[in-house]
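These notes concern the structure reproduced below.
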Amino acid sequence: GSFSDTTDFDSGPNIFNLVPGTHGHAFVVKYDVNSNFSWAKQFGDNSYGKPAKGRYISLDGNDNVYITGTFTGQVDFDPGIGNSSLTSYNSNATNTDAFIVSLESSGNYRLAFNFGGTNAEVESQTVLVNSSKDIFLYGQFKGTADFDPTVDSLKLSSIGTFKNNYILRLSPTSLNVSNSIDKAEIVIYPNPVTLGFINIFATKEEELTIKDILGRTLLKQKLKKGKKYVNVEHLS
């Protein structure tokens, strides 16, 4: 949900206050089966006067938390000391992007991404995760929006003058490898991965880490200077 004033999220005799930003914050709070307080996190203040709003929450088989909702402007979705800011497609406060943020069962940040369009309004109202860790999102949109949160693009345009419904499925094994890292000290191709392998050229010794869209590490290895062939077929 969202809140706009100092709030004690501890349901017991102790106090655990969260203080929202100027325009309010989204929050997620965890209690055990006996309603004892575990933790509470907040995120979502921005300069547009419209805080991020959490609409729905779900868990996967490892008790990782998934929160979806809407926001406008630039928002830091890491509730900890880190900074994982996302910027909406819109340059005004009228329209919204949809977001999904995932936290570990302990409340630590895992990942966040958004989707929307420059002149589109996108709302995400439901998020579900199946046993294969596929993420399903349901919501409404109006205008032309890009529903691919990676470097690729999947644009849909609404029909008529009213909002259209959408259902979005995101696979956890979708590889998203950057073309270049650290000012071309590492070059990786082809991108996207299509043939089950990647070629890597490094100008110095580096460490390669490939993660899926959920932020989980799929491959981690040391790279020596020069060209290297890496088989990633087993990661897809």
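By convention here, the chains of the structure tokens are called A, B, ... in the order presented, each chain's residues are numbered starting at 1, and ligands are numbered starting at 1 in the order presented.
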Note to self: Can you tell me which residues surround range 149-157 of chain A at a distance of at most 8 Å, considering only C-alpha atoms, apart from same-chain residues fewer than 3 positions away, and format the answer as a list in words?
What the structure shows: Phe113, Asn114, Phe115, Lys142, Gly143, Thr144, Ala145, Asp146 and Asn176 of chain A
Give me a file of those residues, with C-alpha atoms, as a tab-separated table (two decimals), in the first residue's frame.
chain	number	residue	atom	x	y	z
A	113	PHE	CA	11.91	-2.81	-13.32
A	114	ASN	CA	9.22	-0.74	-15.00
A	115	PHE	CA	7.33	-0.50	-18.26
A	142	LYS	CA	-3.98	3.52	-22.61
A	143	GLY	CA	-1.78	4.73	-25.46
A	144	THR	CA	1.31	2.99	-26.81
A	145	ALA	CA	3.50	1.30	-24.20
A	146	ASP	CA	6.62	-0.87	-24.22
A	176	ASN	CA	19.79	-9.67	-21.00
Next item on the list: Find the residues around range 62-72 of chain A up to 6 Å (only C-alpha atoms counted), leave out those fewer than 5 positions away in its own chain, and share them as a PyMOL selection string.
Entry: chain A and resi 52-57+88+96-105+123-124
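Across the structure, CA of Asn164 in chain A and CA of Val122 in chain A are spaced 9.6 Å apart.
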Next item on the list: Please indicate the distance in Å from CA of Gln140 in chain A to CA of Thr161 in chain A, rounded to one decimal place.
Entry: 12.8 Å
At a cut-off of 9 Å, using only C-alpha atoms, what residues contact Leu168 in chain A? Leave out same-chain residues fewer than 3 positions from it and give the result as an mmCIF file with all heavy atoms, in the first residue's frame.
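Output contents, as saved in selection.cif:
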data_model
loop_
_atom_site.group_PDB
_atom_site.id
_atom_site.type_symbol
_atom_site.label_atom_id
_atom_site.label_comp_id
_atom_site.auth_asym_id
_atom_site.auth_seq_id
_atom_site.Cartn_x
_atom_site.Cartn_y
_atom_site.Cartn_z
ATOM 1 N N ILE A 135 6.739 -14.738 -13.969
ATOM 2 C CA ILE A 135 5.979 -13.651 -13.368
ATOM 3 C C ILE A 135 4.824 -13.284 -14.290
ATOM 4 O O ILE A 135 5.022 -13.068 -15.494
ATOM 5 C CB ILE A 135 6.873 -12.418 -13.140
ATOM 6 C CG1 ILE A 135 8.063 -12.781 -12.253
ATOM 7 C CG2 ILE A 135 6.069 -11.280 -12.524
ATOM 8 C CD1 ILE A 135 9.077 -11.665 -12.142
ATOM 9 N N PHE A 136 3.627 -13.210 -13.743
ATOM 10 C CA PHE A 136 2.453 -12.820 -14.513
ATOM 11 C C PHE A 136 1.900 -11.519 -13.934
ATOM 12 O O PHE A 136 1.665 -11.417 -12.726
ATOM 13 C CB PHE A 136 1.381 -13.912 -14.463
ATOM 14 C CG PHE A 136 1.793 -15.198 -15.121
ATOM 15 C CD1 PHE A 136 2.509 -16.161 -14.413
ATOM 16 C CD2 PHE A 136 1.472 -15.441 -16.442
ATOM 17 C CE1 PHE A 136 2.891 -17.354 -15.015
ATOM 18 C CE2 PHE A 136 1.851 -16.624 -17.056
ATOM 19 C CZ PHE A 136 2.564 -17.587 -16.346
ATOM 20 N N LEU A 137 1.682 -10.550 -14.803
ATOM 21 C CA LEU A 137 1.153 -9.260 -14.392
ATOM 22 C C LEU A 137 -0.135 -8.971 -15.153
ATOM 23 O O LEU A 137 -0.237 -9.250 -16.352
ATOM 24 C CB LEU A 137 2.162 -8.141 -14.679
ATOM 25 C CG LEU A 137 3.471 -8.202 -13.897
ATOM 26 C CD1 LEU A 137 4.517 -7.317 -14.549
ATOM 27 C CD2 LEU A 137 3.249 -7.775 -12.460
ATOM 28 N N TYR A 138 -1.096 -8.414 -14.456
ATOM 29 C CA TYR A 138 -2.349 -7.990 -15.078
ATOM 30 C C TYR A 138 -2.579 -6.526 -14.752
ATOM 31 O O TYR A 138 -2.289 -6.058 -13.643
ATOM 32 C CB TYR A 138 -3.532 -8.813 -14.562
ATOM 33 C CG TYR A 138 -4.866 -8.174 -14.876
ATOM 34 C CD1 TYR A 138 -5.416 -8.269 -16.153
ATOM 35 C CD2 TYR A 138 -5.540 -7.432 -13.914
ATOM 36 C CE1 TYR A 138 -6.621 -7.655 -16.457
ATOM 37 C CE2 TYR A 138 -6.752 -6.819 -14.206
ATOM 38 C CZ TYR A 138 -7.289 -6.929 -15.479
ATOM 39 O OH TYR A 138 -8.473 -6.307 -15.781
ATOM 40 N N GLY A 139 -3.107 -5.789 -15.728
ATOM 41 C CA GLY A 139 -3.419 -4.392 -15.492
ATOM 42 C C GLY A 139 -4.138 -3.779 -16.665
ATOM 43 O O GLY A 139 -4.695 -4.476 -17.526
ATOM 44 N N PHE A 147 6.150 -3.044 -23.228
ATOM 45 C CA PHE A 147 5.956 -3.984 -22.134
ATOM 46 C C PHE A 147 7.162 -4.892 -21.903
ATOM 47 O O PHE A 147 7.083 -5.826 -21.107
ATOM 48 C CB PHE A 147 4.704 -4.824 -22.381
ATOM 49 C CG PHE A 147 3.425 -4.066 -22.187
ATOM 50 C CD1 PHE A 147 2.847 -3.363 -23.227
ATOM 51 C CD2 PHE A 147 2.815 -4.035 -20.949
ATOM 52 C CE1 PHE A 147 1.666 -2.649 -23.047
ATOM 53 C CE2 PHE A 147 1.647 -3.329 -20.744
ATOM 54 C CZ PHE A 147 1.065 -2.634 -21.801
#
Notebook entry, point to check: Quick one: residues within 10 Å of Val19 in chain A, only C-alpha atoms counted, chain neighbours fewer than 3 positions away excluded, as number ranges by chain?
Noted result: A: 3-8, 22, 24-25, 42
Next item on the list: Extract, using only C-alpha atoms, all DNA, RNA and protein residues at most 9 Å from Gly80 in chain A, discarding same-chain residues fewer than 6 positions from it, and format them as an MDAnalysis selection string.
Entry: chainID A and resid 41:42 107:109
Checklist line | Distance of CA of Lys222 in chain A from CA of Glu207 in chain A, expressed in Å to one decimal place | finding: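 Taking CA of Glu207 in chain A and CA of Lys222 in chain A, their separation equals 4.5 Å.
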